[in-house]
$ cat start08.cif   # mmCIF, C-alpha atoms and all ligand atoms
data_coords
#
loop_
_atom_site.label_atom_id
_atom_site.label_comp_id
_atom_site.auth_asym_id
_atom_site.auth_seq_id
_atom_site.Cartn_x
_atom_site.Cartn_y
_atom_site.Cartn_z
CA MET A 1 -6.86 13.72 17.86
CA SER A 2 -7.03 12.10 14.46
CA LEU A 3 -4.71 9.16 15.18
CA GLU A 4 -5.87 8.15 18.64
CA ASN A 5 -8.16 5.28 17.60
CA ILE A 6 -5.68 3.71 15.20
CA LYS A 7 -4.09 0.50 16.46
CA HIS A 8 -1.09 0.24 14.13
CA ILE A 9 0.60 2.88 11.97
CA THR A 10 3.01 1.62 9.31
CA LEU A 11 5.19 3.66 6.97
CA VAL A 12 5.96 2.44 3.45
CA LEU A 13 9.39 3.66 2.32
CA SER A 14 11.60 3.30 -0.74
CA GLY A 15 15.12 4.50 -1.47
CA LYS A 16 14.25 5.85 -4.89
CA GLY A 17 11.25 6.59 -7.09
CA GLY A 18 9.47 4.23 -9.43
CA VAL A 19 10.23 0.99 -7.55
CA GLY A 20 6.51 0.32 -7.09
CA LYS A 21 6.08 1.61 -3.52
CA SER A 22 2.58 2.98 -4.16
CA SER A 23 1.55 -0.16 -6.07
CA VAL A 24 2.71 -2.36 -3.21
CA THR A 25 0.99 -0.10 -0.62
CA THR A 26 -2.27 -0.41 -2.58
CA GLN A 27 -2.09 -4.20 -2.68
CA LEU A 28 -1.08 -4.47 1.00
CA ALA A 29 -4.08 -2.30 1.94
CA LEU A 30 -6.52 -4.27 -0.23
CA THR A 31 -5.17 -7.55 1.18
CA LEU A 32 -5.44 -6.34 4.80
CA SER A 33 -8.99 -5.22 4.03
CA LEU A 34 -9.77 -8.60 2.49
CA GLN A 35 -8.44 -10.30 5.64
CA GLY A 36 -11.09 -8.39 7.60
CA TYR A 37 -9.07 -5.49 9.05
CA SER A 38 -10.23 -1.88 8.88
CA VAL A 39 -7.56 0.00 7.00
CA GLY A 40 -6.61 3.58 6.14
CA VAL A 41 -4.10 4.69 3.51
CA LEU A 42 -2.52 8.12 3.90
CA ASP A 43 -0.74 9.22 0.74
CA VAL A 44 1.90 11.78 1.69
CA ASP A 45 3.83 11.35 -1.56
CA LEU A 46 3.11 15.02 -2.25
CA THR A 47 4.96 15.26 -5.55
CA GLY A 48 3.26 12.21 -7.06
CA PRO A 49 0.05 11.24 -5.21
CA SER A 50 -0.87 8.12 -7.21
CA ILE A 51 -2.85 6.13 -4.60
CA PRO A 52 -6.30 7.58 -5.54
CA ARG A 53 -5.67 6.52 -9.14
CA PHE A 54 -4.60 3.02 -8.05
CA PHE A 55 -7.81 2.67 -6.02
CA ARG A 56 -9.77 4.10 -8.95
CA ILE A 57 -11.23 6.82 -6.76
CA GLU A 58 -9.39 9.79 -8.26
CA SER A 59 -12.60 11.67 -9.00
CA SER A 60 -13.74 11.47 -5.35
CA LYS A 61 -13.82 14.47 -3.06
CA VAL A 62 -12.87 14.56 0.61
CA ARG A 63 -15.56 16.00 2.83
CA GLN A 64 -14.67 18.89 5.12
CA ALA A 65 -15.95 18.32 8.66
CA PRO A 66 -15.43 20.50 11.74
CA GLY A 67 -11.72 20.35 12.54
CA GLY A 68 -10.62 18.35 9.53
CA TRP A 69 -11.17 16.12 6.51
CA VAL A 70 -13.22 12.95 6.21
CA PRO A 71 -11.21 10.36 4.23
CA VAL A 72 -12.71 8.70 1.15
CA PRO A 73 -14.21 5.21 1.73
CA VAL A 74 -12.52 3.24 -1.07
CA HIS A 75 -15.11 0.52 -1.50
CA GLU A 76 -17.99 3.01 -1.56
CA ALA A 77 -16.22 5.32 -3.97
CA SER A 78 -15.19 2.51 -6.28
CA LYS A 79 -18.76 1.15 -6.33
CA GLU A 80 -19.89 3.64 -8.90
CA SER A 81 -17.12 2.84 -11.34
CA GLU A 82 -17.66 -0.91 -10.72
CA GLU A 83 -21.33 -0.57 -11.58
CA GLN A 84 -20.54 1.51 -14.62
CA ASN A 85 -18.30 -1.36 -15.75
CA GLY A 86 -21.12 -3.86 -15.18
CA ASN A 87 -19.29 -5.62 -12.34
CA GLU A 88 -20.79 -6.98 -9.14
CA HIS A 89 -20.30 -5.07 -5.95
CA ILE A 90 -21.01 -5.86 -2.34
CA ASP A 91 -20.64 -3.03 0.15
CA SER A 92 -18.91 -4.23 3.31
CA THR A 93 -18.29 -0.75 4.69
CA ASN A 94 -21.94 0.10 5.25
CA GLY A 95 -21.42 3.75 4.47
CA GLN A 96 -19.20 5.48 7.01
CA SER A 97 -19.18 2.70 9.60
CA HIS A 98 -15.81 1.07 10.20
CA GLY A 99 -16.89 -2.53 9.69
CA HIS A 100 -14.61 -5.45 8.90
CA GLY A 101 -12.67 -4.82 5.74
CA ALA A 102 -13.41 -1.09 5.62
CA LEU A 103 -10.83 0.82 3.60
CA TYR A 104 -10.30 4.59 3.62
CA CYS A 105 -7.93 6.86 1.76
CA MET A 106 -6.63 10.40 2.18
CA SER A 107 -4.33 11.98 -0.36
CA LEU A 108 -3.24 15.38 -1.56
CA GLY A 109 -4.55 14.17 -4.92
CA PHE A 110 -8.11 14.78 -3.66
CA LEU A 111 -7.32 18.41 -2.84
CA LEU A 112 -5.67 19.45 -6.10
CA ALA A 113 -7.94 21.48 -8.37
CA ASN A 114 -6.57 19.63 -11.36
CA ARG A 115 -5.55 15.99 -10.84
CA GLY A 116 -2.63 16.37 -13.24
CA ASP A 117 -1.23 19.35 -11.32
CA ALA A 118 2.36 18.93 -10.21
CA VAL A 119 3.11 20.11 -6.69
CA VAL A 120 6.23 22.26 -6.70
CA TRP A 121 6.24 23.36 -3.08
CA ARG A 122 9.23 24.29 -1.00
CA GLY A 123 10.16 22.21 2.06
CA PRO A 124 8.32 24.24 4.76
CA LYS A 125 5.01 24.09 2.86
CA LYS A 126 5.36 20.34 2.35
CA THR A 127 6.20 19.89 6.02
CA ALA A 128 3.12 21.91 7.03
CA MET A 129 0.93 19.78 4.73
CA VAL A 130 2.29 16.53 6.19
CA ARG A 131 1.58 17.82 9.73
CA GLN A 132 -1.94 18.77 8.73
CA PHE A 133 -2.53 15.34 7.20
CA LEU A 134 -1.50 13.73 10.48
CA SER A 135 -3.62 15.96 12.71
CA ASP A 136 -6.69 16.86 10.65
CA VAL A 137 -8.02 13.63 9.14
CA HIS A 138 -11.00 11.97 10.87
CA TRP A 139 -9.93 8.33 10.52
CA GLY A 140 -12.08 6.96 13.33
CA ALA A 141 -11.19 3.47 14.58
CA LEU A 142 -8.73 1.62 12.33
CA ASP A 143 -6.71 -1.56 12.70
CA TYR A 144 -4.00 -0.38 10.30
CA LEU A 145 -2.97 2.95 8.81
CA LEU A 146 -0.46 2.62 5.95
CA ILE A 147 1.42 5.82 5.11
CA ASP A 148 2.78 5.99 1.56
CA THR A 149 5.79 8.32 1.71
CA PRO A 150 7.81 10.09 -1.01
CA PRO A 151 10.95 8.26 -2.22
CA GLY A 152 14.23 8.76 -0.35
CA THR A 153 14.82 10.26 3.06
CA SER A 154 14.06 13.96 2.92
CA ASP A 155 12.98 16.65 5.38
CA GLU A 156 9.42 15.45 4.82
CA HIS A 157 10.34 12.03 6.24
CA ILE A 158 11.99 13.55 9.27
CA SER A 159 9.04 15.85 9.98
CA LEU A 160 6.65 12.96 9.34
CA VAL A 161 8.36 10.77 11.92
CA GLU A 162 8.76 13.65 14.39
CA THR A 163 5.08 14.52 14.11
CA LEU A 164 4.06 10.87 14.35
CA LEU A 165 6.11 10.45 17.50
CA LYS A 166 4.33 13.48 18.98
CA GLN A 167 0.83 12.50 17.91
CA ALA A 168 0.92 8.73 18.30
CA THR A 169 2.17 6.52 21.08
CA PRO A 170 5.30 4.42 20.43
CA ALA A 171 3.05 1.35 20.60
CA GLN A 172 0.90 2.70 17.74
CA LEU A 173 3.87 3.36 15.45
CA SER A 174 4.53 -0.23 14.46
CA GLY A 175 7.37 0.52 12.01
CA ALA A 176 8.23 0.68 8.33
CA VAL A 177 8.03 -1.59 5.30
CA ILE A 178 10.77 -0.93 2.74
CA VAL A 179 10.14 -1.56 -0.96
CA THR A 180 13.11 -2.13 -3.25
CA THR A 181 14.00 -3.54 -6.66
CA PRO A 182 16.82 -6.00 -7.29
CA GLN A 183 19.19 -3.56 -9.01
CA ALA A 184 22.28 -2.76 -6.97
CA ILE A 185 21.66 0.97 -6.87
CA SER A 186 18.21 0.51 -5.43
CA ILE A 187 19.56 -1.95 -2.88
CA SER A 188 22.22 0.53 -1.76
CA ASP A 189 19.53 3.21 -1.48
CA VAL A 190 17.56 0.85 0.74
CA LYS A 191 20.51 0.60 3.08
CA LYS A 192 20.10 4.35 3.58
CA GLU A 193 16.41 3.80 4.39
CA ILE A 194 17.28 1.16 6.97
CA ASN A 195 19.87 3.48 8.50
CA PHE A 196 17.30 6.30 8.50
CA CYS A 197 14.80 4.11 10.38
CA ARG A 198 17.42 3.15 12.93
CA LYS A 199 18.43 6.77 13.43
CA VAL A 200 14.87 8.00 14.01
CA GLY A 201 13.90 4.96 16.07
CA VAL A 202 11.41 3.37 13.65
CA LYS A 203 11.43 -0.43 13.54
CA VAL A 204 11.98 -2.03 10.11
CA LEU A 205 9.09 -4.49 9.77
CA GLY A 206 10.36 -5.98 6.54
CA VAL A 207 11.71 -5.57 3.03
CA ILE A 208 9.65 -6.31 -0.09
CA GLU A 209 11.56 -6.82 -3.32
CA ASN A 210 9.48 -5.64 -6.28
CA MET A 211 10.02 -6.23 -10.01
CA ALA A 212 12.16 -9.27 -9.25
CA GLY A 213 12.25 -11.21 -12.51
CA PHE A 214 9.91 -10.88 -15.48
CA VAL A 215 6.82 -13.05 -15.82
CA CYS A 216 6.17 -13.98 -19.44
CA PRO A 217 2.54 -13.26 -20.34
CA ASN A 218 2.53 -16.28 -22.68
CA CYS A 219 3.79 -19.12 -20.50
CA SER A 220 4.08 -17.48 -17.03
CA GLU A 221 7.77 -18.46 -16.90
CA CYS A 222 9.67 -16.05 -14.60
CA SER A 223 13.08 -14.93 -15.94
CA ASN A 224 15.46 -13.21 -13.53
CA ILE A 225 16.79 -10.28 -15.48
CA PHE A 226 18.68 -8.80 -12.54
CA SER A 227 20.65 -10.66 -9.90
CA LYS A 228 18.27 -12.84 -7.90
CA GLY A 229 17.77 -12.69 -4.15
CA GLY A 230 19.50 -9.33 -3.54
CA GLY A 231 16.66 -8.16 -1.32
CA LYS A 232 16.82 -11.29 0.80
CA VAL A 233 20.60 -11.14 1.18
CA MET A 234 20.43 -7.48 2.12
CA ALA A 235 17.66 -8.13 4.64
CA GLN A 236 19.78 -10.87 6.22
CA GLU A 237 22.83 -8.61 6.25
CA PHE A 238 20.87 -5.91 8.10
CA ASP A 239 19.03 -8.41 10.27
CA VAL A 240 15.55 -7.28 9.15
CA PRO A 241 12.69 -9.57 7.99
CA PHE A 242 12.34 -10.32 4.29
CA LEU A 243 8.64 -10.35 3.36
CA GLY A 244 8.90 -11.56 -0.23
CA SER A 245 9.59 -10.91 -3.92
CA VAL A 246 6.97 -9.58 -6.32
CA PRO A 247 7.79 -10.33 -9.96
CA LEU A 248 7.64 -7.75 -12.73
CA ASP A 249 4.35 -9.00 -14.08
CA PRO A 250 2.21 -7.35 -16.75
CA MET A 251 -0.77 -8.75 -14.84
CA PHE A 252 0.30 -6.86 -11.70
CA SER A 253 0.63 -3.64 -13.58
CA ARG A 254 -2.85 -4.19 -15.05
CA LEU A 255 -4.30 -4.93 -11.61
CA ILE A 256 -2.76 -1.74 -10.27
CA GLU A 257 -3.79 0.47 -13.14
CA GLU A 258 -7.34 -0.94 -13.07
CA GLY A 259 -7.68 -0.88 -9.26
CA LYS A 260 -8.19 -4.65 -9.15
CA ARG A 261 -7.33 -7.22 -6.53
CA PRO A 262 -6.40 -10.87 -7.22
CA PHE A 263 -8.19 -13.98 -5.92
CA TYR A 264 -7.49 -17.71 -6.28
CA PRO A 265 -8.75 -19.38 -9.46
CA GLU A 266 -11.62 -21.84 -8.91
CA GLY A 267 -10.43 -25.14 -7.42
CA THR A 268 -6.97 -23.99 -6.23
CA VAL A 269 -5.71 -26.27 -3.46
CA VAL A 270 -2.69 -25.29 -1.35
CA ASP A 271 -1.34 -27.79 1.21
CA GLY A 272 -4.50 -29.84 0.83
CA LYS A 273 -6.70 -26.84 1.62
CA GLN A 274 -9.21 -25.37 -0.81
CA MET A 275 -8.33 -21.70 -1.21
CA GLN A 276 -10.64 -18.70 -1.34
CA THR A 277 -12.30 -18.09 -4.67
CA LYS A 278 -14.48 -15.32 -5.95
CA ASP A 279 -17.60 -17.12 -4.62
CA ASP A 280 -16.12 -17.36 -1.11
CA LEU A 281 -15.37 -13.66 -1.20
CA LEU A 282 -18.90 -12.89 -2.34
CA GLU A 283 -20.29 -15.02 0.48
CA THR A 284 -18.30 -13.19 3.15
CA GLY A 285 -19.27 -9.85 1.64
CA THR A 286 -15.70 -8.82 1.04
CA LEU A 287 -15.79 -8.71 -2.73
CA VAL A 288 -15.73 -4.99 -2.99
CA GLN A 289 -13.25 -4.47 -5.80
CA ASN A 290 -13.05 -5.94 -9.23
CA TYR A 291 -11.07 -9.07 -8.36
CA THR A 292 -9.01 -11.05 -10.82
CA ALA A 293 -7.73 -14.60 -10.63
CA CYS A 294 -3.95 -14.73 -10.66
CA SER A 295 -0.97 -16.10 -8.79
CA LEU A 296 -0.38 -12.83 -6.94
CA PHE A 297 -3.12 -13.62 -4.44
CA PRO A 298 -1.14 -16.15 -2.37
CA LEU A 299 1.91 -13.91 -2.56
CA PHE A 300 0.26 -10.82 -1.04
CA ASP A 301 -1.89 -12.93 1.27
CA GLY A 302 1.27 -14.53 2.71
CA MET A 303 3.23 -11.29 2.93
CA VAL A 304 0.42 -9.55 4.80
CA LYS A 305 0.00 -12.45 7.26
CA GLU A 306 3.75 -12.29 7.94
CA LEU A 307 3.59 -8.51 8.37
CA VAL A 308 0.65 -8.75 10.79
CA LYS A 309 2.56 -11.38 12.78
CA THR A 310 5.64 -9.14 12.99
CA ILE A 311 3.58 -6.10 13.99
CA ASN A 312 1.77 -7.98 16.72
CA GLY A 313 5.05 -9.35 18.05
N1 LIG B 401 5.66 -5.84 -9.96
C1 LIG B 401 5.25 -5.04 -10.92
N2 LIG B 401 4.97 -5.55 -12.15
C2 LIG B 401 4.57 -4.74 -13.16
N3 LIG B 401 4.41 -3.42 -13.05
C3 LIG B 401 4.65 -2.84 -11.86
C4 LIG B 401 5.09 -3.62 -10.73
N4 LIG B 401 5.24 -2.77 -9.68
C5 LIG B 401 4.92 -1.53 -10.13
N5 LIG B 401 4.57 -1.57 -11.42
C6 LIG B 401 4.18 -0.42 -12.26
O1 LIG B 401 5.24 0.54 -12.18
C7 LIG B 401 4.71 1.86 -12.17
C8 LIG B 401 5.31 2.65 -11.00
O2 LIG B 401 4.81 2.12 -9.79
P1 LIG B 401 4.51 3.03 -8.52
O3 LIG B 401 3.84 4.30 -8.92
O4 LIG B 401 3.84 2.15 -7.53
O5 LIG B 401 6.00 3.35 -8.05
P2 LIG B 401 6.48 4.29 -6.85
O6 LIG B 401 7.71 3.70 -6.31
O7 LIG B 401 5.37 4.52 -5.87
O8 LIG B 401 6.77 5.63 -7.63
P3 LIG B 401 6.93 7.11 -7.05
O9 LIG B 401 8.36 7.28 -6.85
O10 LIG B 401 6.40 7.96 -8.18
O11 LIG B 401 6.13 7.22 -5.79
C9 LIG B 401 3.19 1.73 -12.12
O12 LIG B 401 2.67 1.99 -13.39
C10 LIG B 401 2.93 0.29 -11.75
O13 LIG B 401 1.77 -0.23 -12.37
S1 LIG B 402 9.23 -17.31 -21.70
FE1 LIG B 402 8.56 -18.87 -23.12
S2 LIG B 402 6.60 -18.15 -24.02
FE2 LIG B 402 7.60 -16.44 -22.95
S3 LIG B 402 8.68 -15.42 -24.57
FE3 LIG B 402 10.13 -16.78 -23.62
S4 LIG B 402 10.01 -18.68 -24.80
FE4 LIG B 402 8.23 -17.43 -25.35
#
$ encode --input "start08.cif" --output "C-alpha cells" --more "lines below"
Ligand SMILES: Nc1ncnc2c1ncn2[C@@H]1O[C@H](COP(=O)(O)OP(=O)(O)OP(=O)(O)O)[C@@H](O)[C@H]1O
Ligand code: SF4
Amino acid sequence: MSLENIKHITLVLSGKGGVGKSSVTTQLALTLSLQGYSVGVLDVDLTGPSIPRFFRIESSKVRQAPGGWVPVPVHEASKESEEQNGNEHIDSTNGQSHGHGALYCMSLGFLLANRGDAVVWRGPKKTAMVRQFLSDVHWGALDYLLIDTPPGTSDEHISLVETLLKQATPAQLSGAVIVTTPQAISISDVKKEINFCRKVGVKVLGVIENMAGFVCPNCSECSNIFSKGGGKVMAQEFDVPFLGSVPLDPMFSRLIEEGKRPFYPEGTVVDGKQMQTKDDLLETGTLVQNYTACSLFPLFDGMVKELVKTING
C-alpha cells in the first residue's frame, strides 16, 4: 500500500481560493525538509495544481512503475534549473533514496499533456483521481506527507478523508493545517473548515494567517491593511492552535514564484544564538534549493517546529 510507510499525513485546507494555501504548503515542505525530515507533497488541488510550479519542477515527468507512479524528487528535479541559473547545488537525496531532507512531489500537473490545461471534470472523476493518488503513488518511507487540497469543503474533501481513513491508520492521519487571510469573509469560511474537520474526525493542528499586513519593499515596515489578529482570535474562539501570521510580502511572492527558500542573513543572532546561514546549510548538505536571505526564515522555522510538536503530541 502506498501510504503504509508514512509516519504522519497532514492535510492543508483553506476556506476559499487564493489565500496562499499552496504557497504555504510549499514553504512548510521546504522547511520540514531543511529540518532533516523526509517529506512528500501530494497536490490534489485538481482544478489548479500549482505545487510543481512553486517547486520549479513543472517540466518533470512522473515515472510509471508496476502498480503506480513514482513521485518526483524535488531537489533532484530542481538541480537542473539551478545549474542552468548558475547556482550551487548539493544533492541530499542521493537519487531515489529517502535520506534526511528528501522531498518528493506528486501532482495532477505532471500528468496533464499541456501544463496550462484546465481540468473541468465532474465530481465522480475527481473522486476517482483522488483515490488513485492515495493508493497508487510509491512514496516509500516518509516522515511527513502534506496534502494540498482544493479550496472549500467539497465532495473531493469528503472522499479524500474517507479514503485516507481506509488506507491509513488513525495514528498516521495527524490532522489538518488551515490557511486563512485576515478578511472577515475568509475567517468565516475557515469556521466552516474547522467544523468540517470536527465532523469527519480530523484534528485541527493549527491555523496559519497569510497575507496579514503589507511589508513595504523599501523600509520593511509592516502595515496592517485589514483588521489585525483575526486568525489568532478565531483560533482561540475555536480552541485550536494558532501557528502564526505570514505578512503579504513581495519577497514571499518572489520566493514562491522562483521556488526559493529563505535562510538567515550572515551574522543573525537570535536569543544569543548564531542562526543558520547559507554556509551552515552548505556544510550540512541541505542547501538544495536556491535560498534567499530574508526574515521569513525564522517565521517558517518556528511554525514548523510548533507543528511538529503538536503532531508528536
Ligand atoms: N504572504 C504572501 N505574500 C505575497 N504573495 C503571496 C503570499 N501568499 C501567497 N502569495 C501569492 O499569491 C498567489 C496565490 O497563492 P496560492 O496559489 O498559494 O494560493 P491558493 O490559496 O493555493 O490558491 P488556489 O485557490 O488556486 O489553490 C501566488 O502568486 C503567491 O505567490
Ligand atoms: S512604509 Fe515607509 S518606505 Fe514604505 S512606502 Fe510607506 S513611507 Fe515609504
$ residues_near_ligand --input "start08.cif" --ligand "ligand LIG 402 (chain B)" --cutoff "6 Å" --atoms "only C-alpha atoms and all ligand atoms" --output "list in words"
Cys216, Asn218, Cys219 and Glu221 of chain A
$ write_last_selection --input "start08.cif" --atoms "C-alpha atoms" --output "compact mmCIF listing (two decimals), in the frame of the given file"
# COMPACT_ATOMS: atom_id res chain seq x y z
CA CYS A 216 6.17 -13.98 -19.44
CA ASN A 218 2.53 -16.28 -22.68
CA CYS A 219 3.79 -19.12 -20.50
CA GLU A 221 7.77 -18.46 -16.90
$ closest_residue --input "start08.cif" --among "A:Cys222, A:Val24, A:Val12, A:Leu103" --to "Trp139 of chain A" --atoms "only C-alpha atoms"
A:Leu103
$ residues_near_ligand --input "start08.cif" --ligand "ligand LIG 401 (chain B)" --cutoff "9 Å" --atoms "all atoms listed in the file" --output "PyMOL selection string"
chain A and resi 13-26+45+47-51+54+148-152+179-180+209-215+245-257
$ write_last_selection --input "start08.cif" --atoms "C-alpha atoms" --output "tab-separated table (two decimals), keeping the file's coordinate frame"
chain	number	residue	atom	x	y	z
A	13	LEU	CA	9.39	3.66	2.32
A	14	SER	CA	11.60	3.30	-0.74
A	15	GLY	CA	15.12	4.50	-1.47
A	16	LYS	CA	14.25	5.85	-4.89
A	17	GLY	CA	11.25	6.59	-7.09
A	18	GLY	CA	9.47	4.23	-9.43
A	19	VAL	CA	10.23	0.99	-7.55
A	20	GLY	CA	6.51	0.32	-7.09
A	21	LYS	CA	6.08	1.61	-3.52
A	22	SER	CA	2.58	2.98	-4.16
A	23	SER	CA	1.55	-0.16	-6.07
A	24	VAL	CA	2.71	-2.36	-3.21
A	25	THR	CA	0.99	-0.10	-0.62
A	26	THR	CA	-2.27	-0.41	-2.58
A	45	ASP	CA	3.83	11.35	-1.56
A	47	THR	CA	4.96	15.26	-5.55
A	48	GLY	CA	3.26	12.21	-7.06
A	49	PRO	CA	0.05	11.24	-5.21
A	50	SER	CA	-0.87	8.12	-7.21
A	51	ILE	CA	-2.85	6.13	-4.60
A	54	PHE	CA	-4.60	3.02	-8.05
A	148	ASP	CA	2.78	5.99	1.56
A	149	THR	CA	5.79	8.32	1.71
A	150	PRO	CA	7.81	10.09	-1.01
A	151	PRO	CA	10.95	8.26	-2.22
A	152	GLY	CA	14.23	8.76	-0.35
A	179	VAL	CA	10.14	-1.56	-0.96
A	180	THR	CA	13.11	-2.13	-3.25
A	209	GLU	CA	11.56	-6.82	-3.32
A	210	ASN	CA	9.48	-5.64	-6.28
A	211	MET	CA	10.02	-6.23	-10.01
A	212	ALA	CA	12.16	-9.27	-9.25
A	213	GLY	CA	12.25	-11.21	-12.51
A	214	PHE	CA	9.91	-10.88	-15.48
A	215	VAL	CA	6.82	-13.05	-15.82
A	245	SER	CA	9.59	-10.91	-3.92
A	246	VAL	CA	6.97	-9.58	-6.32
A	247	PRO	CA	7.79	-10.33	-9.96
A	248	LEU	CA	7.64	-7.75	-12.73
A	249	ASP	CA	4.35	-9.00	-14.08
A	250	PRO	CA	2.21	-7.35	-16.75
A	251	MET	CA	-0.77	-8.75	-14.84
A	252	PHE	CA	0.30	-6.86	-11.70
A	253	SER	CA	0.63	-3.64	-13.58
A	254	ARG	CA	-2.85	-4.19	-15.05
A	255	LEU	CA	-4.30	-4.93	-11.61
A	256	ILE	CA	-2.76	-1.74	-10.27
A	257	GLU	CA	-3.79	0.47	-13.14
$ closest_residue --input "start08.cif" --among "A:Val200, A:Ser59, A:Thr10, A:Gln35" --to "Tyr144 of chain A" --atoms "only C-alpha atoms"
A:Thr10
$ closest_residue --input "start08.cif" --among "A:Leu108, A:Val190, A:Val304, A:Leu164" --to "Glu4 of chain A" --atoms "all atoms listed in the file"
A:Leu164
$ residues_near_point --input "start08.cif" --point "(3.6, -9.6, 16.9)" --cutoff "12 Å" --atoms "all atoms listed in the file" --output "PyMOL selection string"
chain A and resi 8+171+174-175+205+305-313
$ closest_atom_pairs --input "start08.cif" --of "segment 134-209 of chain A" --to "segment 233-236 of chain A" --cutoff "9 Å" --atoms "only C-alpha atoms" --output "Markdown table"
| residue | atom | partner | partner_atom | distance |
| --- | --- | --- | --- | --- |
| A:Ile187 | CA | A:Met234 | CA | 7.5 |
| A:Val190 | CA | A:Met234 | CA | 8.9 |
| A:Lys191 | CA | A:Met234 | CA | 8.1 |
| A:Gly206 | CA | A:Ala235 | CA | 7.8 |
| A:Val207 | CA | A:Ala235 | CA | 6.7 |
$ residues_around --input "start08.cif" --residues "Lys61 of chain A" --least-positions-apart "6" --cutoff "9 Å" --atoms "all atoms listed in the file" --output "PyMOL selection string"
chain A and resi 71-72+110-111
$ closest_residue --input "start08.cif" --among "A:His138, A:Ser188, A:Ile9, A:Gln183" --to "Val161 of chain A" --atoms "all atoms listed in the file"
A:Ile9
$ residues_around --input "start08.cif" --residues "Ile158 of chain A" --least-positions-apart "3" --cutoff "10 Å" --atoms "all atoms listed in the file" --output "PyMOL selection string"
chain A and resi 127+153-155+161-164+196-197+200
$ atom_distance --input "start08.cif" --atom1 "atom CA of Lys199 of chain A" --atom2 "atom CA of Ser2 of chain A"
26.0 Å
$ closest_residue --input "start08.cif" --among "A:Gly101, A:Gly140, A:Val70, A:Arg131" --to "Leu34 of chain A" --atoms "only C-alpha atoms"
A:Gly101
$ atom_distance --input "start08.cif" --atom1 "atom CA of His75 of chain A" --atom2 "atom CA of Asp301 of chain A"
19.1 Å
$ atom_distance --input "start08.cif" --atom1 "atom CA of Leu11 of chain A" --atom2 "atom CA of Met129 of chain A"
16.8 Å
$ closest_residue --input "start08.cif" --among "A:Ala141, A:Asp43, A:Leu146, A:Lys166" --to "Met106 of chain A" --atoms "only C-alpha atoms"
A:Asp43
$ decode --input "start08.cif" --residues "segment 212-223 of chain A" --atoms "N, CA and C atoms" --output "PDB file, in the first residue's frame"
ATOM      1  N   ALA A 212      -1.202  38.781   6.138  1.00  0.00           N
ATOM      2  CA  ALA A 212      -1.582  39.624   7.271  1.00  0.00           C
ATOM      3  C   ALA A 212      -0.671  40.848   7.290  1.00  0.00           C
ATOM      4  N   GLY A 213      -1.147  41.953   6.787  1.00  0.00           N
ATOM      5  CA  GLY A 213      -0.331  43.167   6.744  1.00  0.00           C
ATOM      6  C   GLY A 213       0.566  43.169   5.513  1.00  0.00           C
ATOM      7  N   PHE A 214       0.955  44.372   5.091  1.00  0.00           N
ATOM      8  CA  PHE A 214       1.784  44.501   3.886  1.00  0.00           C
ATOM      9  C   PHE A 214       3.181  44.981   4.272  1.00  0.00           C
ATOM     10  N   VAL A 215       4.184  44.239   3.797  1.00  0.00           N
ATOM     11  CA  VAL A 215       5.566  44.617   4.107  1.00  0.00           C
ATOM     12  C   VAL A 215       6.089  45.530   2.994  1.00  0.00           C
ATOM     13  N   CYS A 216       6.461  46.753   3.378  1.00  0.00           N
ATOM     14  CA  CYS A 216       6.958  47.696   2.377  1.00  0.00           C
ATOM     15  C   CYS A 216       8.322  47.240   1.855  1.00  0.00           C
ATOM     16  N   PRO A 217       8.468  47.151   0.530  1.00  0.00           N
ATOM     17  CA  PRO A 217       9.757  46.693  -0.006  1.00  0.00           C
ATOM     18  C   PRO A 217      10.880  47.700   0.215  1.00  0.00           C
ATOM     19  N   ASN A 218      10.514  48.968   0.554  1.00  0.00           N
ATOM     20  CA  ASN A 218      11.562  49.970   0.757  1.00  0.00           C
ATOM     21  C   ASN A 218      12.131  49.919   2.162  1.00  0.00           C
ATOM     22  N   CYS A 219      11.235  49.934   3.175  1.00  0.00           N
ATOM     23  CA  CYS A 219      11.744  50.052   4.547  1.00  0.00           C
ATOM     24  C   CYS A 219      11.387  48.849   5.416  1.00  0.00           C
ATOM     25  N   SER A 220      10.709  47.838   4.835  1.00  0.00           N
ATOM     26  CA  SER A 220      10.302  46.622   5.549  1.00  0.00           C
ATOM     27  C   SER A 220       9.295  46.876   6.662  1.00  0.00           C
ATOM     28  N   GLU A 221       8.719  48.081   6.712  1.00  0.00           N
ATOM     29  CA  GLU A 221       7.663  48.382   7.682  1.00  0.00           C
ATOM     30  C   GLU A 221       6.420  47.557   7.311  1.00  0.00           C
ATOM     31  N   CYS A 222       5.769  46.939   8.312  1.00  0.00           N
ATOM     32  CA  CYS A 222       4.577  46.129   8.021  1.00  0.00           C
ATOM     33  C   CYS A 222       3.311  46.912   8.395  1.00  0.00           C
ATOM     34  N   SER A 223       2.473  47.227   7.391  1.00  0.00           N
ATOM     35  CA  SER A 223       1.231  47.965   7.661  1.00  0.00           C
ATOM     36  C   SER A 223       0.067  46.988   7.644  1.00  0.00           C
TER      37      SER A 223
END
